[in-house]
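Trainee: To be precise about what I am sending: the file is called model.csv and holds CSV, C-alpha atoms and all ligand atoms.
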chain,number,residue,atom,x,y,z
P,264,MET,CA,-4.5,-2.4,3.2
P,265,ALA,CA,-5.2,-4.3,6.4
P,266,LEU,CA,-2.0,-2.9,7.8
P,267,ALA,CA,-0.4,-3.8,11.0
P,268,PRO,CA,-0.1,-0.8,13.3
P,269,SER,CA,2.8,1.6,12.6
P,270,LEU,CA,3.3,0.7,9.0
P,271,MET,CA,3.2,3.8,6.8
P,272,ARG,CA,1.4,3.0,3.6
P,273,SER,CA,4.2,4.5,1.6
P,274,ALA,CA,2.4,7.5,0.1
P,275,PRO,CA,5.5,9.7,-0.1
P,276,ILE,CA,7.4,8.9,-3.1
P,277,ILE,CA,11.1,8.6,-2.5
P,278,GLU,CA,13.3,8.6,-5.5
P,279,SER,CA,16.5,6.8,-5.7
P,280,HIS,CA,19.4,8.5,-7.4
P,281,GLU,CA,21.8,5.8,-6.8
P,282,SER,CA,23.2,3.4,-9.4
P,283,GLU,CA,22.0,-0.1,-9.0
P,284,GLN,CA,25.4,-1.3,-8.0
P,285,GLN,CA,25.6,1.2,-5.1
P,286,ASP,CA,22.1,0.2,-4.0
P,287,GLU,CA,22.8,-3.5,-3.8
P,288,LEU,CA,23.3,-4.9,-0.3
P,289,THR,CA,26.5,-6.8,0.2
P,290,SER,CA,24.5,-9.9,1.1
P,291,SER,CA,22.7,-11.6,-1.7
P,292,TRP,CA,19.8,-14.0,-1.4
P,293,ARG,CA,21.9,-16.5,-3.3
P,294,ARG,CA,24.1,-18.8,-1.5
P,295,GLY,CA,27.5,-20.0,-2.6
P,296,ALA,CA,28.2,-17.1,-4.8
P,297,GLY,CA,31.4,-18.7,-5.8
P,298,GLU,CA,29.7,-21.7,-7.3
P,299,ALA,CA,29.1,-21.8,-11.0
P,300,GLY,CA,25.6,-20.9,-11.9
P,301,GLY,CA,23.7,-23.5,-13.8
P,302,VAL,CA,21.9,-26.7,-13.1
P,303,VAL,CA,20.5,-27.0,-9.6
P,304,SER,CA,22.4,-29.8,-8.1
P,305,THR,CA,20.8,-32.4,-5.9
P,306,ARG,CA,23.3,-31.3,-3.2
P,307,SER,CA,22.0,-27.8,-3.3
P,308,VAL,CA,18.4,-29.0,-3.3
P,309,HIS,CA,18.9,-30.8,-0.1
P,310,ARG,CA,20.9,-28.0,1.5
P,311,ASN,CA,18.2,-25.5,0.9
P,312,HIS,CA,15.4,-27.4,2.5
P,313,PRO,CA,15.4,-26.6,6.2
P,314,GLY,CA,14.6,-29.3,8.7
P,315,PRO,CA,15.8,-32.8,9.0
P,316,ALA,CA,16.9,-34.2,5.7
P,317,VAL,CA,15.5,-37.6,6.5
P,318,HIS,CA,11.9,-36.3,6.8
P,319,PRO,CA,9.8,-38.4,4.3
P,320,SER,CA,8.0,-35.3,2.9
P,321,LEU,CA,11.3,-33.6,2.3
P,322,ARG,CA,12.7,-36.6,0.7
P,323,ARG,CA,9.7,-36.8,-1.5
P,324,ARG,CA,10.0,-33.1,-2.5
P,325,GLY,CA,13.7,-33.6,-3.2
P,326,VAL,CA,12.9,-36.6,-5.5
P,327,VAL,CA,10.1,-34.6,-7.2
P,328,LEU,CA,12.4,-31.7,-7.8
P,329,LEU,CA,15.2,-34.0,-9.0
P,330,LEU,CA,12.7,-35.6,-11.4
P,331,GLY,CA,11.6,-32.2,-12.5
P,332,VAL,CA,15.2,-31.1,-13.3
P,333,LEU,CA,15.9,-34.3,-15.1
P,334,GLY,CA,12.7,-34.0,-17.0
P,335,ALA,CA,13.5,-30.4,-18.0
P,336,LEU,CA,17.0,-31.5,-19.1
P,337,LEU,CA,15.7,-34.4,-21.1
P,338,GLY,CA,13.0,-32.1,-22.6
P,339,GLY,CA,15.8,-29.9,-23.9
P,340,ARG,CA,15.1,-26.8,-21.8
P,341,VAL,CA,17.9,-24.4,-21.6
P,342,PHE,CA,19.2,-24.3,-18.0
P,343,ALA,CA,21.8,-21.6,-18.3
P,344,ALA,CA,19.6,-19.2,-16.3
P,345,ALA,CA,18.6,-21.7,-13.7
P,346,PRO,CA,18.7,-20.3,-10.2
P,347,ARG,CA,21.6,-20.7,-7.9
P,348,PRO,CA,21.1,-21.9,-4.3
P,349,LEU,CA,19.1,-19.5,-2.3
P,350,ARG,CA,19.3,-18.4,1.3
P,351,PRO,CA,17.4,-20.8,3.6
P,352,GLU,CA,14.7,-18.4,4.5
P,353,VAL,CA,14.1,-17.6,0.8
P,354,ALA,CA,14.0,-21.3,-0.1
P,355,ALA,CA,11.7,-22.0,2.8
P,356,PHE,CA,9.3,-19.2,1.5
P,357,ILE,CA,9.3,-20.8,-1.9
P,358,ASP,CA,8.5,-24.2,-0.3
P,359,GLU,CA,5.6,-22.6,1.5
P,360,MET,CA,4.3,-21.0,-1.7
P,361,ALA,CA,4.5,-24.3,-3.5
P,362,GLN,CA,2.8,-26.3,-0.7
P,363,ARG,CA,0.1,-23.8,0.3
P,364,HIS,CA,-0.8,-22.4,-3.1
P,365,GLN,CA,0.6,-24.9,-5.6
P,366,TYR,CA,2.8,-22.1,-6.9
P,367,ASP,CA,5.3,-22.8,-9.6
P,368,ARG,CA,8.5,-23.5,-7.7
P,369,THR,CA,10.8,-23.2,-10.6
P,370,LEU,CA,9.4,-19.8,-11.5
P,371,LEU,CA,9.9,-18.5,-8.0
P,372,TRP,CA,13.5,-19.8,-7.8
P,373,ARG,CA,14.2,-18.0,-11.1
P,374,VAL,CA,12.6,-14.8,-10.0
P,375,LEU,CA,13.8,-14.6,-6.4
P,376,GLY,CA,17.2,-15.9,-7.4
P,377,ARG,CA,17.8,-13.0,-9.8
P,378,ILE,CA,16.7,-10.0,-7.8
P,379,LYS,CA,18.8,-8.3,-5.2
P,380,PRO,CA,17.9,-6.6,-1.9
P,381,ARG,CA,18.1,-2.8,-2.2
P,382,ALA,CA,19.7,-0.6,0.4
P,383,SER,CA,17.5,2.4,-0.8
P,384,ILE,CA,14.4,0.4,0.1
P,385,LEU,CA,15.6,-0.2,3.6
P,386,ARG,CA,16.5,3.5,4.0
P,387,ALA,CA,13.1,4.6,2.7
P,388,ILE,CA,11.1,2.4,5.1
P,389,SER,CA,13.2,3.6,8.0
P,390,ALA,CA,12.3,7.3,7.4
P,391,PRO,CA,8.8,7.5,6.1
P,392,GLY,CA,7.7,11.0,4.9
P,393,THR,CA,4.7,11.0,7.2
P,394,ALA,CA,7.0,11.1,10.2
P,395,ARG,CA,7.8,14.8,9.4
P,396,PRO,CA,6.1,17.6,11.3
P,397,TRP,CA,2.6,18.5,10.0
P,398,TYR,CA,3.6,21.9,8.6
P,399,VAL,CA,6.5,20.4,6.6
P,400,PHE,CA,4.3,17.4,5.4
P,401,ARG,CA,1.4,19.7,4.5
P,402,GLU,CA,3.5,21.9,2.2
P,403,ARG,CA,4.4,19.0,0.1
P,404,TYR,CA,0.8,18.0,-0.7
P,405,ILE,CA,-1.4,21.2,-0.5
P,406,ASP,CA,-0.1,23.2,-3.4
P,407,ASP,CA,-1.4,24.7,-6.6
P,408,VAL,CA,-0.4,21.8,-8.8
P,409,ARG,CA,-2.2,19.2,-6.6
P,410,ILE,CA,-5.3,21.4,-6.4
P,411,THR,CA,-5.4,22.4,-10.1
P,412,GLU,CA,-4.7,18.8,-11.2
P,413,GLY,CA,-7.3,17.5,-8.8
P,414,ALA,CA,-10.0,19.7,-10.2
P,415,ARG,CA,-9.0,18.5,-13.6
P,416,PHE,CA,-9.1,14.8,-12.6
P,417,TRP,CA,-12.5,15.4,-11.0
P,418,ARG,CA,-13.9,17.0,-14.1
P,419,GLN,CA,-12.4,14.3,-16.3
P,420,HIS,CA,-13.8,11.4,-14.3
P,421,ALA,CA,-16.9,13.1,-12.9
P,422,GLU,CA,-19.4,10.4,-13.9
P,423,VAL,CA,-17.4,7.6,-12.3
P,424,ILE,CA,-16.5,9.6,-9.2
P,425,GLY,CA,-20.2,10.5,-8.7
P,426,ARG,CA,-21.2,6.9,-9.2
P,427,ALA,CA,-18.6,5.7,-6.7
P,428,SER,CA,-19.6,8.3,-4.2
P,429,ARG,CA,-23.3,7.4,-4.4
P,430,GLU,CA,-22.6,3.6,-4.3
P,431,PHE,CA,-20.2,3.6,-1.4
P,432,GLY,CA,-21.3,6.7,0.5
P,433,VAL,CA,-17.8,8.4,0.4
P,434,PRO,CA,-17.6,12.1,-0.6
P,435,GLU,CA,-16.3,12.7,-4.1
P,436,GLU,CA,-13.6,15.1,-2.8
P,437,ILE,CA,-12.3,12.5,-0.4
P,438,ILE,CA,-11.9,10.0,-3.3
P,439,VAL,CA,-10.1,12.5,-5.5
P,440,ALA,CA,-7.9,13.9,-2.7
P,441,THR,CA,-6.7,10.4,-1.7
P,442,ILE,CA,-5.6,9.6,-5.3
P,443,GLY,CA,-4.0,13.0,-5.4
P,444,VAL,CA,-2.0,12.5,-2.3
P,445,GLU,CA,-1.0,9.0,-3.2
P,446,THR,CA,0.2,9.5,-6.8
P,447,LEU,CA,-0.7,13.0,-8.1
P,448,TYR,CA,-3.7,11.5,-9.8
P,449,GLY,CA,-1.9,8.5,-11.2
P,450,ARG,CA,1.2,10.4,-12.5
P,451,ASP,CA,3.7,9.1,-10.0
P,452,THR,CA,3.0,5.5,-9.0
P,453,GLY,CA,6.5,4.6,-7.9
P,454,ASN,CA,9.7,3.4,-9.6
P,455,PHE,CA,10.6,0.4,-7.4
P,456,LYS,CA,10.1,-3.1,-8.8
P,457,VAL,CA,7.4,-4.4,-6.5
P,458,VAL,CA,8.8,-7.9,-6.2
P,459,GLU,CA,12.2,-6.5,-5.3
P,460,ALA,CA,10.8,-4.1,-2.7
P,461,LEU,CA,8.7,-6.7,-1.1
P,462,ALA,CA,11.4,-9.4,-1.1
P,463,THR,CA,13.9,-6.9,0.4
P,464,LEU,CA,11.5,-6.1,3.2
P,465,ALA,CA,10.5,-9.7,3.6
P,466,PHE,CA,14.0,-11.1,4.0
P,467,ASP,CA,16.2,-8.1,5.0
P,468,TYR,CA,14.1,-6.0,7.2
P,469,PRO,CA,13.6,-8.0,10.4
P,470,PRO,CA,11.2,-5.4,12.2
P,471,ARG,CA,8.5,-6.1,9.7
P,472,ALA,CA,9.6,-9.3,8.0
P,473,ASP,CA,6.4,-11.3,8.7
P,474,PHE,CA,4.2,-8.5,7.4
P,475,PHE,CA,6.1,-8.2,4.2
P,476,ARG,CA,6.5,-11.9,3.7
P,477,GLY,CA,2.7,-11.9,3.8
P,478,GLU,CA,2.6,-9.1,1.2
P,479,LEU,CA,5.1,-10.9,-1.0
P,480,GLU,CA,2.8,-13.9,-0.8
P,481,GLN,CA,-0.2,-11.8,-1.8
P,482,PHE,CA,1.7,-10.1,-4.6
P,483,LEU,CA,2.7,-13.5,-6.1
P,484,LEU,CA,-0.9,-14.7,-5.9
P,485,LEU,CA,-2.2,-11.4,-7.4
P,486,ALA,CA,0.3,-11.7,-10.3
P,487,ARG,CA,-1.0,-15.2,-11.0
P,488,GLU,CA,-4.6,-14.2,-10.7
P,489,ILE,CA,-4.6,-11.2,-13.0
P,490,ARG,CA,-1.7,-12.3,-15.1
P,491,LEU,CA,0.8,-9.7,-14.2
P,492,ASP,CA,4.4,-10.0,-15.2
P,493,MET,CA,5.7,-10.0,-11.7
P,494,THR,CA,9.2,-8.9,-12.6
P,495,ARG,CA,7.9,-5.7,-14.3
P,496,VAL,CA,5.3,-4.3,-11.9
P,497,THR,CA,6.6,-1.1,-10.3
P,498,GLY,CA,5.3,0.7,-7.2
P,499,SER,CA,6.4,2.3,-4.0
P,500,TYR,CA,9.3,1.3,-1.8
P,501,ALA,CA,6.9,-0.7,0.3
P,502,GLY,CA,5.3,-2.5,-2.6
P,503,ALA,CA,2.2,-0.4,-3.0
P,504,ILE,CA,0.7,-0.6,-6.5
P,505,GLY,CA,-1.0,1.6,-9.0
P,506,ILE,CA,-3.1,4.8,-9.1
P,507,PRO,CA,-4.4,4.4,-5.5
P,508,GLN,CA,-1.2,2.6,-4.2
P,509,PHE,CA,-2.8,-0.5,-2.8
P,510,LEU,CA,-0.6,-3.1,-1.1
P,511,PRO,CA,-1.1,-6.5,-2.7
P,512,SER,CA,-3.3,-7.8,0.1
P,513,SER,CA,-5.6,-4.8,-0.3
P,514,TYR,CA,-5.5,-5.2,-4.1
P,515,ARG,CA,-6.8,-8.7,-3.8
P,516,LYS,CA,-9.4,-7.8,-1.1
P,517,TYR,CA,-10.7,-4.4,-2.0
P,518,ALA,CA,-10.0,-3.6,-5.6
P,519,VAL,CA,-13.1,-3.5,-7.8
P,520,ASP,CA,-13.8,-3.5,-11.5
P,521,TYR,CA,-15.5,-0.2,-12.1
P,522,ASP,CA,-15.2,0.3,-15.8
P,523,GLY,CA,-16.9,-3.0,-16.6
P,524,ASP,CA,-14.1,-4.9,-18.4
P,525,GLY,CA,-14.2,-7.6,-15.9
P,526,LYS,CA,-10.8,-7.0,-14.3
P,527,PRO,CA,-9.8,-4.7,-11.5
P,528,ASP,CA,-6.9,-2.8,-13.0
P,529,LEU,CA,-5.4,-0.3,-10.5
P,530,MET,CA,-2.4,0.4,-12.7
P,531,GLY,CA,-4.1,1.4,-15.9
P,532,ALA,CA,-7.8,2.1,-15.2
P,533,PRO,CA,-8.7,5.4,-13.3
P,534,ALA,CA,-12.3,4.2,-13.0
P,535,ASP,CA,-11.1,1.0,-11.2
P,536,ALA,CA,-8.9,3.1,-8.9
P,537,ILE,CA,-11.8,5.4,-8.1
P,538,GLY,CA,-14.2,2.6,-7.3
P,539,SER,CA,-11.6,0.8,-5.3
P,540,VAL,CA,-10.7,3.8,-3.1
P,541,ALA,CA,-14.4,4.3,-2.3
P,542,ASN,CA,-14.9,0.6,-1.6
P,543,TYR,CA,-11.8,0.5,0.6
P,544,TYR,CA,-13.1,3.4,2.8
P,545,ARG,CA,-16.6,1.9,3.0
P,546,SER,CA,-15.1,-1.5,4.0
P,547,PHE,CA,-13.3,0.2,6.9
P,548,GLY,CA,-16.5,1.8,8.2
P,549,TRP,CA,-16.9,5.2,6.4
P,550,GLU,CA,-20.1,6.9,7.7
P,551,ALA,CA,-22.0,8.5,4.8
P,552,GLY,CA,-22.7,12.1,5.6
P,553,GLY,CA,-20.5,12.0,8.8
P,554,ALA,CA,-18.0,14.7,9.7
P,555,VAL,CA,-14.2,14.0,9.5
P,556,ALA,CA,-12.5,16.3,11.9
P,557,VAL,CA,-13.2,19.6,13.8
P,558,PRO,CA,-10.7,21.9,15.5
P,559,ALA,CA,-10.7,21.8,19.3
P,560,GLU,CA,-9.2,23.3,22.4
P,561,ALA,CA,-8.0,21.1,25.1
P,562,ALA,CA,-7.3,22.0,28.8
P,563,ALA,CA,-3.7,21.4,29.6
P,564,SER,CA,-4.7,19.1,32.5
P,565,ALA,CA,-6.6,16.8,30.2
P,566,VAL,CA,-4.4,16.8,27.0
P,567,ASP,CA,-1.9,14.0,27.8
P,568,ALA,CA,-4.4,11.5,29.0
P,569,VAL,CA,-6.9,12.1,26.2
P,570,LEU,CA,-4.1,12.0,23.5
P,571,ALA,CA,-2.8,8.8,25.1
P,572,ALA,CA,-6.2,7.1,24.3
P,573,GLY,CA,-5.2,7.1,20.6
P,574,ILE,CA,-6.9,8.2,17.4
P,575,LYS,CA,-9.6,5.5,17.3
P,576,PRO,CA,-12.8,7.3,18.4
P,577,HIS,CA,-13.2,6.3,22.1
P,578,SER,CA,-15.6,8.8,23.7
P,579,THR,CA,-18.6,10.9,22.8
P,580,VAL,CA,-18.0,14.5,22.1
P,581,VAL,CA,-20.0,15.4,25.2
P,582,ALA,CA,-17.9,13.1,27.4
P,583,LEU,CA,-14.7,14.7,26.0
P,584,MET,CA,-16.2,18.2,26.8
P,585,GLN,CA,-16.6,17.1,30.3
P,586,ARG,CA,-12.9,16.3,30.4
P,587,GLY,CA,-11.9,19.7,29.1
P,588,VAL,CA,-11.8,19.1,25.3
P,589,VAL,CA,-14.0,21.7,23.5
P,590,PRO,CA,-14.8,21.5,19.8
P,591,LEU,CA,-14.5,24.8,18.0
P,592,ALA,CA,-17.0,24.0,15.2
P,593,ALA,CA,-20.4,22.4,15.2
P,594,VAL,CA,-20.4,18.6,15.8
P,595,ARG,CA,-22.9,16.2,17.1
P,596,ASP,CA,-22.7,15.8,20.9
P,597,ASP,CA,-23.2,12.0,20.7
P,598,ALA,CA,-20.6,11.5,17.9
P,599,GLN,CA,-17.7,9.2,18.9
P,600,ALA,CA,-14.4,11.1,18.7
P,601,ALA,CA,-10.7,11.1,19.6
P,602,LEU,CA,-8.2,13.9,20.2
P,603,PHE,CA,-5.2,14.4,18.0
P,604,SER,CA,-2.6,17.1,17.6
P,605,LEU,CA,-0.7,18.7,14.7
P,606,GLU,CA,2.6,20.4,14.9
P,607,THR,CA,2.2,23.8,13.2
P,608,GLU,CA,4.9,26.5,12.9
P,609,SER,CA,3.2,28.5,15.7
P,610,GLY,CA,2.7,25.5,18.0
P,611,ILE,CA,0.5,22.5,18.7
P,612,GLN,CA,-3.0,22.5,17.3
P,613,TYR,CA,-5.7,20.2,18.6
P,614,TRP,CA,-8.4,18.5,16.6
P,615,LEU,CA,-11.2,16.1,17.3
P,616,GLY,CA,-11.1,13.2,14.8
P,617,LEU,CA,-14.4,11.4,14.2
P,618,GLN,CA,-15.0,8.0,12.7
P,619,ASN,CA,-14.3,9.1,9.2
P,620,PHE,CA,-11.0,10.6,10.1
P,621,TYR,CA,-10.0,7.3,11.7
P,622,VAL,CA,-11.1,5.5,8.5
P,623,ILE,CA,-8.7,7.6,6.4
P,624,THR,CA,-5.9,6.5,8.8
P,625,ARG,CA,-6.7,2.9,7.8
P,626,TYR,CA,-5.4,3.9,4.3
P,627,ASN,CA,-2.2,5.1,5.8
P,628,ARG,CA,-1.7,4.9,9.5
P,629,SER,CA,-0.7,8.5,10.0
P,630,VAL,CA,-2.5,11.5,11.4
P,631,ASN,CA,-0.6,13.8,9.0
P,632,TYR,CA,-1.7,11.6,6.1
P,633,ALA,CA,-5.4,11.7,7.0
P,634,MET,CA,-5.3,15.4,7.7
P,635,VAL,CA,-3.7,16.2,4.4
P,636,VAL,CA,-6.3,14.1,2.5
P,637,TYR,CA,-9.0,16.0,4.4
P,638,GLU,CA,-7.5,19.4,3.7
P,639,LEU,CA,-6.9,18.7,0.1
P,640,ALA,CA,-10.5,17.4,-0.2
P,641,ARG,CA,-11.9,20.6,1.2
P,642,GLU,CA,-9.7,22.7,-1.2
P,643,LEU,CA,-10.9,20.7,-4.1
P,644,ARG,CA,-14.5,21.0,-3.1
P,645,SER,CA,-14.3,24.7,-2.9
P,646,VAL,CA,-12.6,25.0,-6.3
P,647,ILE,CA,-15.3,23.0,-7.9
P,648,GLN,CA,-18.0,25.1,-6.1
P,649,ARG,CA,-16.3,28.3,-7.2
P,650,GLU,CA,-16.5,27.1,-10.7
P,651,GLY,CA,-20.2,27.4,-10.1
P,652,SER,CA,-21.2,24.3,-12.0
P,653,ASN,CA,-21.1,20.6,-11.6
P,654,PRO,CA,-18.0,19.0,-13.1
P,655,VAL,CA,-18.4,18.2,-16.8
P,656,PRO,CA,-19.0,14.4,-16.9
P,657,GLU,CA,-16.6,12.4,-18.9
P,658,ARG,CA,-17.8,10.4,-21.8
P,659,GLU,CA,-20.0,7.5,-20.7
P,660,MET,CA,-18.0,4.3,-20.2
P,661,THR,CA,-20.6,2.2,-21.9
P,662,PRO,CA,-23.1,3.2,-24.6
P,663,ALA,CA,-26.6,4.1,-23.2
P,664,PRO,CA,-29.1,1.3,-23.9
E,1,CA,CA,-11.6,-2.8,-15.0
Would you write out, as C-alpha cells, the structure that this file holds?
Ligand SMILES: [Ca+2]
Mentor:
Amino acid sequence: MALAPSLMRSAPIIESHESEQQDELTSSWRRGAGEAGGVVSTRSVHRNHPGPAVHPSLRRRGVVLLLGVLGALLGGRVFAAAPRPLRPEVAAFIDEMAQRHQYDRTLLWRVLGRIKPRASILRAISAPGTARPWYVFRERYIDDVRITEGARFWRQHAEVIGRASREFGVPEEIIVATIGVETLYGRDTGNFKVVEALATLAFDYPPRADFFRGELEQFLLLAREIRLDMTRVTGSYAGAIGIPQFLPSSYRKYAVDYDGDGKPDLMGAPADAIGSVANYYRSFGWEAGGAVAVPAEAAASAVDAVLAAGIKPHSTVVALMQRGVVPLAAVRDDAQAALFSLETESGIQYWLGLQNFYVITRYNRSVNYAMVVYELARELRSVIQREGSNPVPEREMTPAP
C-alpha cells in the first residue's frame, strides 16, 4: 500500500447507519449552488481555472473546453446533467488529471460534480479501530467464526494458497489470516463508494489531503486501466478495495493475476487476492522461513529507550539482550529485531518483532493489526494440523495438460 506513516489501512469495517442526507457535509464541491445546473458557461470555465486568467496555456485550455462544449451541443448531446462549477481545488485536480494522464475532463467533471463529501468518512478516518487497546482489538478478530471460516477458505483454495506460498515464500496461514482480518475472507469488503471516500479525504481532510489526492489519482487510473465503473466500486472508508483491501496505488503496483484470466481482479477472484497478498508481502521484504515475533521480557530501565527506536528492526537479538531485553522463546541471536508492547487486561506485554512482523505492518501500520494477523495465522495453522491432513485442494483452475 506504500502508505505514508500513521495511515491506518482501514481494515476495521465501520458501518454507517445514517441517512445520506445526514451524512452530507454542508459544503459541497460544487460552487454557486444557487446557479441553475446545466451548460458549463465560459464564465464558470474561467473562474474554475486557478492562476492568472491571461496565461496562454489557460487561455488555450479555455478555448479547447469551449470548443468541446460547443461541439457537444452541436452534436446533439444532452447537457441536462452537465456538471456545475466545482470548487477550485477540485477543478485544479481535474486539470492535473487531464494534463498528466490525458484523462477525460468531462467525465471527471461529471463524476466529481455529482458526489458529495461524507461526514461518516471523516469520522471513521479520525478514529481507526486499530487505535483501540490490544485486548479490545483482539476480541474482534480472534473468534470462532473467523477461525472456522478461515479453515474453510484455506481448504477451498488450498491449491492456489499453496502455490502462492511456494512462489512468494510467505506462509499459507499468513496469507489466509490477512484476508480473514481484512474482509472475513471476502465477505465484507466495505460499503463506501470508493470514489466518494477518496474524494472526501482528498478535498475535505486536510491532514492527509496530499496522500488521498494521490490515491484518488491512482483509483481513476486503475478504473481506466481495468475498465471499472468508477462510480460503482465500493470499499472501505479509506478507499481500500476488494478481498484483500488494497488501496488503489497498491492495486496498480502489487495486484497479480493468479487465476490466469489475464486481469488482476481483487474484487471477484479469490485466487488473484491470494496471489496479490503474497506478492505484496514479498515485495516488502518477507523473509521465507523467518520468525515473526517472540514474547520478551524487558528491564524497566531499558524499556522506554528501546521502544522509542520504533518497530522497524534496528538491533540484533544479542544486542537487545545486552540492553536488558530477553526473548522468552527460541530466536536467532543475529536476527534483527525491535521491541513492541501490547496492552493486555493484566498489563503491558512485551514482544520482539522480527523482519516479518515489520512486513505485516507495511500492510497496515499498526502493531495491533500485525499481531492479530500473526495470532489468527497460528490458530488457523493449528486447526489445519489438528484435522490431521492437508487441506483438500480445490478443483484445478486450468485443466491438466
Ligand atoms: Ca485474474
Trainee: Taking only C-alpha atoms and all ligand atoms into account, list the residues no farther than 8 Å from ligand CA 1 (chain E), as a PyMOL selection string.
Mentor: chain P and resi 519-528+532+534-535
Trainee: So what do you get for CA of Leu349 (chain P) versus CA of Arg381 (chain P), distance-wise?
Mentor: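 If I compute the distance from CA of Leu349 (chain P) to CA of Arg381 (chain P), I get 16.7 Å.
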Trainee: Using all atoms listed in the file, pick whichever of P:Ile623, P:Ala472, P:Ala582, P:Ala382 has the shortest atom-to-atom distance to Ile437 (chain P).
Mentor: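 Distance minimum relative to Ile437 (chain P) lands on P:Ile623.
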Trainee: Rank P:Phe431, P:Tyr404, P:Trp397, P:Tyr621 by their smallest atom-to-atom distance to Ala601 (chain P), using all atoms listed in the file, and report the top residue only.
Mentor: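 So, comparing all the options, the nearest one is P:Tyr621.
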Trainee: How far is it from CA of Asp367 (chain P) to CA of Val457 (chain P), in Å with one decimal?
Mentor: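 These two atoms are separated by 18.8 Å.
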Trainee: CA of Tyr366 (chain P) and CA of Leu491 (chain P), how far apart in Å?
Mentor: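 These atoms are spaced 14.5 Å apart.
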Trainee: Quick one: residues within 12 Å of (-6.7, 19.8, 0.1) (file frame), counting only C-alpha atoms, please, as a ChimeraX atom specification.
Mentor: /P:401-414,436-444,632-646
Trainee: Under the rule that all atoms listed in the file are counted, which of P:Glu478, P:Glu550, P:Glu435, P:Asp358 is the nearest residue to Ile647 (chain P)?
Mentor: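 Closest to Ile647 (chain P), using all atoms listed in the file: P:Glu435.
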Trainee: Closest to Lys379 (chain P) among P:Thr393, P:Thr579, P:Thr463, P:Ser499, using only C-alpha atoms?
Mentor: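 Among the listed residues, the smallest separation from Lys379 (chain P) belongs to P:Thr463.
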Trainee: With all atoms listed in the file as the atoms that count, which of P:Ala421, P:Leu570, P:Met493, P:Leu483 lies nearest to Ala361 (chain P)?
Mentor: P:Leu483
Trainee: For Val622 (chain P), list every protein, DNA or RNA residue within 12 Å, evaluated using only C-alpha atoms, and leave out those in the same chain fewer than 4 positions away; present the list as a ChimeraX atom specification.
Mentor: /P:264-265,433,437,540-551,553-556,574-576,616-618,626-630,632-634,636-637
Trainee: Name the closest residue to Asp286 (chain P) among the candidates P:Gln585, P:Gln612, P:Thr607, P:Ser383; distances are taken between atoms, counting all atoms listed in the file.
Mentor: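 Among the listed residues, the smallest separation from Asp286 (chain P) belongs to P:Ser383.
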